[in-house]
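Here the structure comes first, spelled out in structure tokens, and everything after it is commentary.
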Amino acid sequence: MCLLVITGLLITACHPGTDPDKEEAPALTQKVNAYMLDIMEEVYLWEQHIPGDLDIRYEFDEKDFFEKLCYRTEDRWSFITDDVQTLLEGSQGVETTFGYSLTFGKFSNTGSMFAVIQYVYPQTPASDAGLKRGDIIVEMNGQSITEENYTNLYYTSSLSLTMGEYKEGYINNLPGTVSLSSRKQSLNPVVAYTLTEDRGHRIGYMCYTDFFGDSESYFLPVLQSFKEWGITDLVLDLRYNLGGYLSTAKILAGALCPASCLNGSTVLVSKHWNELYQNYWTENNRNDMLFEYFPKASDQPVNLNLSHIYILTSYNTASASELTLCGLDPYMEVIQVGLSTRGKYTAAMVFSPEKGTGIENWGTQAIVYRYANSLGVTDFREGFAPDYEEDEVVLGENYPLGDVHERVFAKAISLITGKKAAAAQIQTLTTKPVFTVNPSLASRPAAFHNDLIDNYSNTL
């Protein structure tokens, strides 16, 4: 699918009035700048806010120039990359990875950091090494972890990890090390699923971490097994899901919604573009570009026909996860347990130049529309607040995801069964080191995981 004609002008010639003695940016830099300017002036949701006095000839840093195009008062998400292939592969779940997701804390007595594993992807270097949720990393390659080097826990090719043990308010180093070597592979975003029977309730639990393109091949079989088991309640854990593809969210929503929604004309969300595109789609009766509908029953392999669902959320619940939550809400009871979501109400497309231009390694993931559910709910900048607030325990608990004692899941079970959840045994950290979570350093830092990518993204 192509949008309207994008010229992709590559402006390198001198303009009238140019000072011949003034240094200009290299030709390739000007090409990148020109391409990004053309793209953003046409498709960007906030194109009316792009400054009119920019001159690509004197912009020497492509990423700094792109920042000038973005309306950061509203836009927290558009970005530019000089490795668009890795971006595209990552959105499909193909990454060079160790296979874990981390959250970080800080030692008050040293200022250095430590990492706590939130979850581990199946069949990855981390899972092969026996790492699991709740494990603590205190050093890497014999060095302290700091805000300057913590990304090495994701992006180096090999690591030697010193693990720690939390006990009585302290984290102590464990003997020995754990060696990891990253590898390029497809990731399975269904990191845990369980079945629990309690007081006549058959409860299915699934933790889904990324709306990777085509990842329905992972979650649909799980949901089908839940259906065959005859679950009465579903707990969908989206606490670590920063988003991904709209096409995947649509299939997940179609699997969860009441069967009556699967008529091909029930609105999941509406799309609101910039003035140029909103008018174009409206004048040409392109409802397919103005609305996203639930699938037809004939196109939906699995449907649980639920009347209610429990969704676990946190600050790392964003974009396609929030779309799923608010898109389902008009049609069924959505009970949200956990913490407030991030507040990502927009969608992006990936654009990159054609091969042979010399700049085809560059690309942008630019915001092109905002979405609203069928009741008009949109612009939720502060996220969605939970119906029942409950924070997970990152130290001192160590229950696997899907375990009935894991604090947030236990809260959902208590709501389902009416049985009061057992109080978690948590030690208050009153002595050094003090643990603090920095939300900006939580989870994997891949940029696309904070975005909703429309399924007709393409290379222009």
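Identifiers for the structure tokens are assigned positionally: chains receive A, B, ... in sequence, residues are indexed from 1 per chain, and ligands are indexed from 1 in the order shown.
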
**Report entry** Picked from region 242-447 of chain A by DSSP as strand (DSSP E or B), as JSON, numbers by chain
**Finding:** {"A": [244, 245, 263, 267, 268, 269, 270, 271, 272, 273, 291, 292, 293, 296, 308, 309, 310, 311, 312, 313, 333, 334, 335, 336, 337, 338, 346, 347, 348, 349, 350, 351, 363, 364, 365, 366, 367, 368, 369, 370, 371, 372, 373, 388, 389]}

Restricted to N, CA and C atoms, what would the selected residues look like written as a compact mmCIF listing (two decimals), in the first residue's frame?
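After the write, selection.txt holds the following:
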# COMPACT_ATOMS: atom_id res chain seq x y z
N GLY A 244 3.74 -2.72 19.01
CA GLY A 244 4.13 -3.40 17.79
C GLY A 244 3.11 -3.18 16.70
N TYR A 245 2.74 -4.23 16.00
CA TYR A 245 1.93 -4.11 14.78
C TYR A 245 0.43 -4.05 15.07
N ASN A 263 -18.22 -9.48 12.53
CA ASN A 263 -19.09 -9.36 11.35
C ASN A 263 -18.46 -8.54 10.23
N VAL A 267 -16.34 -1.59 14.52
CA VAL A 267 -15.14 -0.75 14.58
C VAL A 267 -14.30 -1.10 15.81
N LEU A 268 -13.06 -1.45 15.57
CA LEU A 268 -12.08 -1.60 16.65
C LEU A 268 -11.56 -0.23 17.05
N VAL A 269 -11.04 0.53 16.08
CA VAL A 269 -10.60 1.92 16.30
C VAL A 269 -10.85 2.73 15.03
N SER A 270 -10.96 4.03 15.20
CA SER A 270 -10.94 4.96 14.08
C SER A 270 -9.58 5.62 14.01
N LYS A 271 -9.21 6.11 12.80
CA LYS A 271 -7.89 6.69 12.57
C LYS A 271 -8.06 8.16 12.17
N HIS A 272 -7.22 9.00 12.72
CA HIS A 272 -7.32 10.44 12.49
C HIS A 272 -5.95 10.95 12.03
N TRP A 273 -5.87 11.28 10.72
CA TRP A 273 -4.63 11.65 10.07
C TRP A 273 -4.45 13.16 10.05
N PHE A 291 -10.90 3.60 9.40
CA PHE A 291 -11.33 2.72 10.47
C PHE A 291 -10.56 1.41 10.41
N GLU A 292 -10.37 0.80 11.57
CA GLU A 292 -9.88 -0.57 11.65
C GLU A 292 -11.00 -1.39 12.29
N TYR A 293 -11.41 -2.44 11.58
CA TYR A 293 -12.53 -3.24 12.03
C TYR A 293 -12.06 -4.55 12.65
N LYS A 296 -13.54 -10.54 10.20
CA LYS A 296 -14.71 -11.37 9.96
C LYS A 296 -14.50 -12.73 10.61
N HIS A 308 -15.90 -10.88 29.39
CA HIS A 308 -15.06 -10.06 30.27
C HIS A 308 -13.62 -10.59 30.18
N ILE A 309 -12.68 -9.73 30.54
CA ILE A 309 -11.27 -10.12 30.52
C ILE A 309 -10.53 -9.31 31.57
N TYR A 310 -9.53 -9.92 32.19
CA TYR A 310 -8.64 -9.24 33.13
C TYR A 310 -7.32 -8.97 32.41
N ILE A 311 -6.91 -7.70 32.38
CA ILE A 311 -5.66 -7.32 31.72
C ILE A 311 -4.72 -6.70 32.75
N LEU A 312 -3.52 -7.28 32.86
CA LEU A 312 -2.51 -6.77 33.77
C LEU A 312 -1.68 -5.72 33.05
N THR A 313 -1.47 -4.57 33.69
CA THR A 313 -0.81 -3.45 33.03
C THR A 313 0.24 -2.81 33.92
N GLU A 333 -16.53 -6.34 29.21
CA GLU A 333 -16.00 -5.80 30.46
C GLU A 333 -14.50 -6.03 30.52
N VAL A 334 -13.74 -4.96 30.57
CA VAL A 334 -12.28 -5.03 30.67
C VAL A 334 -11.88 -4.60 32.07
N ILE A 335 -11.36 -5.53 32.86
CA ILE A 335 -10.93 -5.23 34.22
C ILE A 335 -9.41 -5.10 34.22
N GLN A 336 -8.93 -3.90 34.52
CA GLN A 336 -7.50 -3.60 34.44
C GLN A 336 -6.89 -3.67 35.84
N VAL A 337 -5.83 -4.47 35.97
CA VAL A 337 -5.18 -4.69 37.26
C VAL A 337 -3.70 -4.37 37.11
N GLY A 338 -3.15 -3.61 38.04
CA GLY A 338 -1.72 -3.29 38.00
C GLY A 338 -1.48 -1.81 38.19
N THR A 346 -1.02 6.98 19.37
CA THR A 346 -0.73 7.26 17.97
C THR A 346 -0.13 6.05 17.29
N ALA A 347 -0.09 6.11 15.95
CA ALA A 347 0.46 5.01 15.15
C ALA A 347 1.48 5.56 14.17
N ALA A 348 2.42 4.71 13.80
CA ALA A 348 3.53 5.11 12.95
C ALA A 348 3.59 4.27 11.69
N MET A 349 4.33 4.76 10.73
CA MET A 349 4.73 3.99 9.57
C MET A 349 6.24 4.08 9.42
N VAL A 350 6.82 3.06 8.82
CA VAL A 350 8.26 3.07 8.56
C VAL A 350 8.49 3.45 7.10
N PHE A 351 9.34 4.44 6.88
CA PHE A 351 9.67 4.90 5.54
C PHE A 351 11.18 4.84 5.34
N GLY A 363 16.18 5.43 7.57
CA GLY A 363 14.74 5.28 7.61
C GLY A 363 14.17 6.08 8.77
N THR A 364 12.87 6.28 8.72
CA THR A 364 12.19 6.93 9.83
C THR A 364 10.94 6.16 10.20
N GLN A 365 10.67 6.11 11.46
CA GLN A 365 9.39 5.62 11.95
C GLN A 365 8.65 6.85 12.45
N ALA A 366 7.77 7.35 11.61
CA ALA A 366 7.12 8.64 11.86
C ALA A 366 5.66 8.44 12.24
N ILE A 367 5.19 9.24 13.17
CA ILE A 367 3.79 9.19 13.58
C ILE A 367 2.92 9.76 12.46
N VAL A 368 1.91 8.98 12.05
CA VAL A 368 1.07 9.41 10.93
C VAL A 368 -0.40 9.56 11.30
N TYR A 369 -0.86 8.97 12.39
CA TYR A 369 -2.23 9.22 12.84
C TYR A 369 -2.37 8.91 14.33
N ARG A 370 -3.42 9.43 14.91
CA ARG A 370 -3.83 9.03 16.25
C ARG A 370 -5.07 8.16 16.11
N TYR A 371 -5.33 7.33 17.10
CA TYR A 371 -6.49 6.46 17.02
C TYR A 371 -7.45 6.72 18.18
N ALA A 372 -8.68 6.31 17.99
CA ALA A 372 -9.71 6.42 19.02
C ALA A 372 -10.54 5.14 18.98
N ASN A 373 -11.07 4.73 20.13
CA ASN A 373 -11.95 3.56 20.09
C ASN A 373 -13.33 3.98 19.60
N TYR A 388 -7.94 -1.73 39.55
CA TYR A 388 -7.38 -2.22 40.81
C TYR A 388 -5.87 -2.05 40.74
N GLU A 389 -5.37 -1.17 41.58
CA GLU A 389 -3.93 -0.87 41.55
C GLU A 389 -3.16 -1.93 42.33

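Take CA of Thr282 (chain A) and CA of Asp38 (chain A): the distance between them is 23.0 Å.
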
**Report entry** Atomic separation - CA of Arg407 (chain A) relative to CA of Glu390 (chain A), Å
**Finding:** 7.7 Å

**Report entry** Counting only C-alpha atoms, the option among A:Gly134, A:Pro386, A:Gly230, A:Gly396 closest to Leu102 (chain A)
**Finding:** A:Gly134

Query - Residues within 9 Å of Tyr345 (chain A), only C-alpha atoms, excluding chain neighbours under 3 positions, as number ranges by chain - result: A: 318-320, 322-323, 369-372, 378-381, 383, 452

Let me see the file: selected residues, C-alpha atoms, as an mmCIF file, in the first residue's frame.
data_model
loop_
_atom_site.group_PDB
_atom_site.id
_atom_site.type_symbol
_atom_site.label_atom_id
_atom_site.label_comp_id
_atom_site.auth_asym_id
_atom_site.auth_seq_id
_atom_site.Cartn_x
_atom_site.Cartn_y
_atom_site.Cartn_z
ATOM 1 C CA ALA A 318 1.860 0.958 25.603
ATOM 2 C CA SER A 319 0.653 1.552 22.071
ATOM 3 C CA ALA A 320 -0.790 -1.653 20.558
ATOM 4 C CA GLU A 322 -3.379 0.194 24.947
ATOM 5 C CA LEU A 323 -5.233 -0.071 21.645
ATOM 6 C CA TYR A 369 -2.226 9.223 12.841
ATOM 7 C CA ARG A 370 -3.828 9.035 16.252
ATOM 8 C CA TYR A 371 -6.486 6.457 17.018
ATOM 9 C CA ALA A 372 -9.715 6.417 19.019
ATOM 10 C CA THR A 378 -8.253 9.083 22.427
ATOM 11 C CA ASP A 379 -5.433 11.418 23.478
ATOM 12 C CA PHE A 380 -4.966 9.502 26.739
ATOM 13 C CA ARG A 381 -1.611 11.135 27.466
ATOM 14 C CA GLY A 383 -2.383 6.398 30.117
ATOM 15 C CA LEU A 452 2.125 1.034 16.959
#

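Here CA of Tyr218 (chain A) is placed at a distance of 14.2 Å from CA of Leu236 (chain A).
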
Requested in this report: Tell me, as a PyMOL selection string, which residues lie within 12 Å of Thr156 (chain A), counting only C-alpha atoms; anything in the same chain fewer than 3 positions away does not count.
Outcome: chain A and resi 96-98+140-141+149-153+159-160+180-183

Query - Residue nearest Gly200 (chain A) among A:Arg286, A:Lys68, A:Lys419, A:Lys132 (counting only C-alpha atoms) - result: A:Lys419

**Report entry** Test item: residues at most 12 Å from Gly204 (chain A), only C-alpha atoms, excluding those fewer than 6 positions along its chain, as an MDAnalysis selection string
**Finding:** chainID A and resid 192:198 222:237 304 309:311 402:404 409 412:413 416

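Among the candidate residues A:Thr209, A:Gln143, A:Ser91, A:Ser157, the one lying nearest to Leu401 (chain A) is A:Thr209, with distances computed using only C-alpha atoms.
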
Requested in this report: Just the residues within 12 Å of Glu216 (chain A), please, counting only C-alpha atoms, with nothing from its chain fewer than 3 positions along; format it as a PyMOL selection string.
Outcome: chain A and resi 92-93+188-190+208+210-213+219-224+245-255+300-302

Selection file, N, CA and C atoms, as a PDB file, in the first residue's frame:
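Dumped everything to result_13.pdb:
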ATOM      1  N   GLN A  92       9.626  -7.578  13.483  1.00  0.00           N
ATOM      2  CA  GLN A  92       9.157  -8.929  13.195  1.00  0.00           C
ATOM      3  C   GLN A  92       9.648  -9.936  14.239  1.00  0.00           C
ATOM      4  N   GLY A  93      10.295  -9.443  15.281  1.00  0.00           N
ATOM      5  CA  GLY A  93      10.762 -10.321  16.345  1.00  0.00           C
ATOM      6  C   GLY A  93      12.100 -10.966  16.087  1.00  0.00           C
ATOM      7  N   ASN A 188       9.956 -15.592  20.701  1.00  0.00           N
ATOM      8  CA  ASN A 188       8.583 -15.988  21.003  1.00  0.00           C
ATOM      9  C   ASN A 188       8.055 -15.064  22.096  1.00  0.00           C
ATOM     10  N   PRO A 189       7.104 -14.164  21.771  1.00  0.00           N
ATOM     11  CA  PRO A 189       6.640 -13.194  22.769  1.00  0.00           C
ATOM     12  C   PRO A 189       5.652 -13.748  23.783  1.00  0.00           C
ATOM     13  N   VAL A 190       5.262 -15.003  23.652  1.00  0.00           N
ATOM     14  CA  VAL A 190       4.454 -15.641  24.699  1.00  0.00           C
ATOM     15  C   VAL A 190       5.435 -16.286  25.671  1.00  0.00           C
ATOM     16  N   TYR A 208       2.117 -11.895  27.287  1.00  0.00           N
ATOM     17  CA  TYR A 208       2.443 -11.592  25.893  1.00  0.00           C
ATOM     18  C   TYR A 208       3.244 -10.293  25.876  1.00  0.00           C
ATOM     19  N   ASP A 210       5.240  -8.691  23.191  1.00  0.00           N
ATOM     20  CA  ASP A 210       5.508  -7.862  22.017  1.00  0.00           C
ATOM     21  C   ASP A 210       4.510  -8.191  20.916  1.00  0.00           C
ATOM     22  N   PHE A 211       3.928  -7.154  20.307  1.00  0.00           N
ATOM     23  CA  PHE A 211       3.059  -7.364  19.157  1.00  0.00           C
ATOM     24  C   PHE A 211       3.909  -7.456  17.883  1.00  0.00           C
ATOM     25  N   PHE A 212       4.819  -8.422  17.871  1.00  0.00           N
ATOM     26  CA  PHE A 212       5.623  -8.630  16.669  1.00  0.00           C
ATOM     27  C   PHE A 212       4.714  -8.953  15.487  1.00  0.00           C
ATOM     28  N   GLY A 213       5.141  -8.552  14.288  1.00  0.00           N
ATOM     29  CA  GLY A 213       4.417  -8.952  13.097  1.00  0.00           C
ATOM     30  C   GLY A 213       4.370 -10.469  12.986  1.00  0.00           C
ATOM     31  N   PHE A 219       0.531 -16.920  19.819  1.00  0.00           N
ATOM     32  CA  PHE A 219      -0.524 -16.794  20.824  1.00  0.00           C
ATOM     33  C   PHE A 219      -1.817 -17.509  20.456  1.00  0.00           C
ATOM     34  N   LEU A 220      -2.112 -17.689  19.173  1.00  0.00           N
ATOM     35  CA  LEU A 220      -3.361 -18.361  18.822  1.00  0.00           C
ATOM     36  C   LEU A 220      -3.418 -19.812  19.306  1.00  0.00           C
ATOM     37  N   PRO A 221      -2.338 -20.612  19.178  1.00  0.00           N
ATOM     38  CA  PRO A 221      -2.403 -21.977  19.723  1.00  0.00           C
ATOM     39  C   PRO A 221      -2.626 -22.007  21.233  1.00  0.00           C
ATOM     40  N   VAL A 222      -2.061 -21.045  21.950  1.00  0.00           N
ATOM     41  CA  VAL A 222      -2.275 -20.987  23.394  1.00  0.00           C
ATOM     42  C   VAL A 222      -3.736 -20.696  23.694  1.00  0.00           C
ATOM     43  N   LEU A 223      -4.297 -19.712  22.993  1.00  0.00           N
ATOM     44  CA  LEU A 223      -5.699 -19.370  23.218  1.00  0.00           C
ATOM     45  C   LEU A 223      -6.616 -20.513  22.803  1.00  0.00           C
ATOM     46  N   GLN A 224      -6.242 -21.242  21.758  1.00  0.00           N
ATOM     47  CA  GLN A 224      -7.029 -22.396  21.355  1.00  0.00           C
ATOM     48  C   GLN A 224      -7.020 -23.467  22.452  1.00  0.00           C
ATOM     49  N   TYR A 245       2.743  -4.233  15.995  1.00  0.00           N
ATOM     50  CA  TYR A 245       1.931  -4.109  14.784  1.00  0.00           C
ATOM     51  C   TYR A 245       0.435  -4.052  15.074  1.00  0.00           C
ATOM     52  N   LEU A 246      -0.235  -3.127  14.382  1.00  0.00           N
ATOM     53  CA  LEU A 246      -1.680  -3.031  14.437  1.00  0.00           C
ATOM     54  C   LEU A 246      -2.335  -4.304  13.911  1.00  0.00           C
ATOM     55  N   SER A 247      -1.811  -4.865  12.849  1.00  0.00           N
ATOM     56  CA  SER A 247      -2.393  -6.075  12.273  1.00  0.00           C
ATOM     57  C   SER A 247      -2.414  -7.212  13.294  1.00  0.00           C
ATOM     58  N   THR A 248      -1.378  -7.291  14.124  1.00  0.00           N
ATOM     59  CA  THR A 248      -1.322  -8.330  15.153  1.00  0.00           C
ATOM     60  C   THR A 248      -2.306  -8.037  16.268  1.00  0.00           C
ATOM     61  N   ALA A 249      -2.410  -6.757  16.669  1.00  0.00           N
ATOM     62  CA  ALA A 249      -3.371  -6.379  17.704  1.00  0.00           C
ATOM     63  C   ALA A 249      -4.793  -6.692  17.259  1.00  0.00           C
ATOM     64  N   LYS A 250      -5.068  -6.501  15.995  1.00  0.00           N
ATOM     65  CA  LYS A 250      -6.403  -6.782  15.454  1.00  0.00           C
ATOM     66  C   LYS A 250      -6.736  -8.267  15.586  1.00  0.00           C
ATOM     67  N   ILE A 251      -5.778  -9.133  15.309  1.00  0.00           N
ATOM     68  CA  ILE A 251      -6.014 -10.575  15.419  1.00  0.00           C
ATOM     69  C   ILE A 251      -6.205 -10.984  16.873  1.00  0.00           C
ATOM     70  N   LEU A 252      -5.403 -10.400  17.774  1.00  0.00           N
ATOM     71  CA  LEU A 252      -5.563 -10.709  19.190  1.00  0.00           C
ATOM     72  C   LEU A 252      -6.936 -10.249  19.679  1.00  0.00           C
ATOM     73  N   ALA A 253      -7.327  -9.029  19.314  1.00  0.00           N
ATOM     74  CA  ALA A 253      -8.643  -8.531  19.715  1.00  0.00           C
ATOM     75  C   ALA A 253      -9.750  -9.425  19.173  1.00  0.00           C
ATOM     76  N   GLY A 254      -9.584  -9.904  17.936  1.00  0.00           N
ATOM     77  CA  GLY A 254     -10.572 -10.799  17.351  1.00  0.00           C
ATOM     78  C   GLY A 254     -10.658 -12.132  18.063  1.00  0.00           C
ATOM     79  N   ALA A 255      -9.572 -12.548  18.687  1.00  0.00           N
ATOM     80  CA  ALA A 255      -9.575 -13.807  19.435  1.00  0.00           C
ATOM     81  C   ALA A 255     -10.253 -13.662  20.789  1.00  0.00           C
ATOM     82  N   GLN A 300     -10.984 -15.324  11.246  1.00  0.00           N
ATOM     83  CA  GLN A 300     -10.458 -15.375  12.604  1.00  0.00           C
ATOM     84  C   GLN A 300     -10.353 -16.833  13.051  1.00  0.00           C
ATOM     85  N   PRO A 301      -9.129 -17.387  13.136  1.00  0.00           N
ATOM     86  CA  PRO A 301      -8.968 -18.821  13.431  1.00  0.00           C
ATOM     87  C   PRO A 301      -9.470 -19.243  14.807  1.00  0.00           C
ATOM     88  N   VAL A 302      -9.333 -18.345  15.803  1.00  0.00           N
ATOM     89  CA  VAL A 302      -9.720 -18.664  17.172  1.00  0.00           C
ATOM     90  C   VAL A 302     -10.506 -17.500  17.749  1.00  0.00           C
TER      91      VAL A 302
END

Query - Sel. of helix (DSSP H, G or I) residues, region 29-171 of chain A, as a PyMOL selection string - result: chain A and resi 29-43+47-49+56-58+62-69+84-91+125-128+152-155

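For the set A:Leu131, A:Glu354, A:Pro400, A:Ser414, the residue with the smallest atom-to-atom gap to Arg199 (chain A) is A:Ser414, counting only C-alpha atoms.
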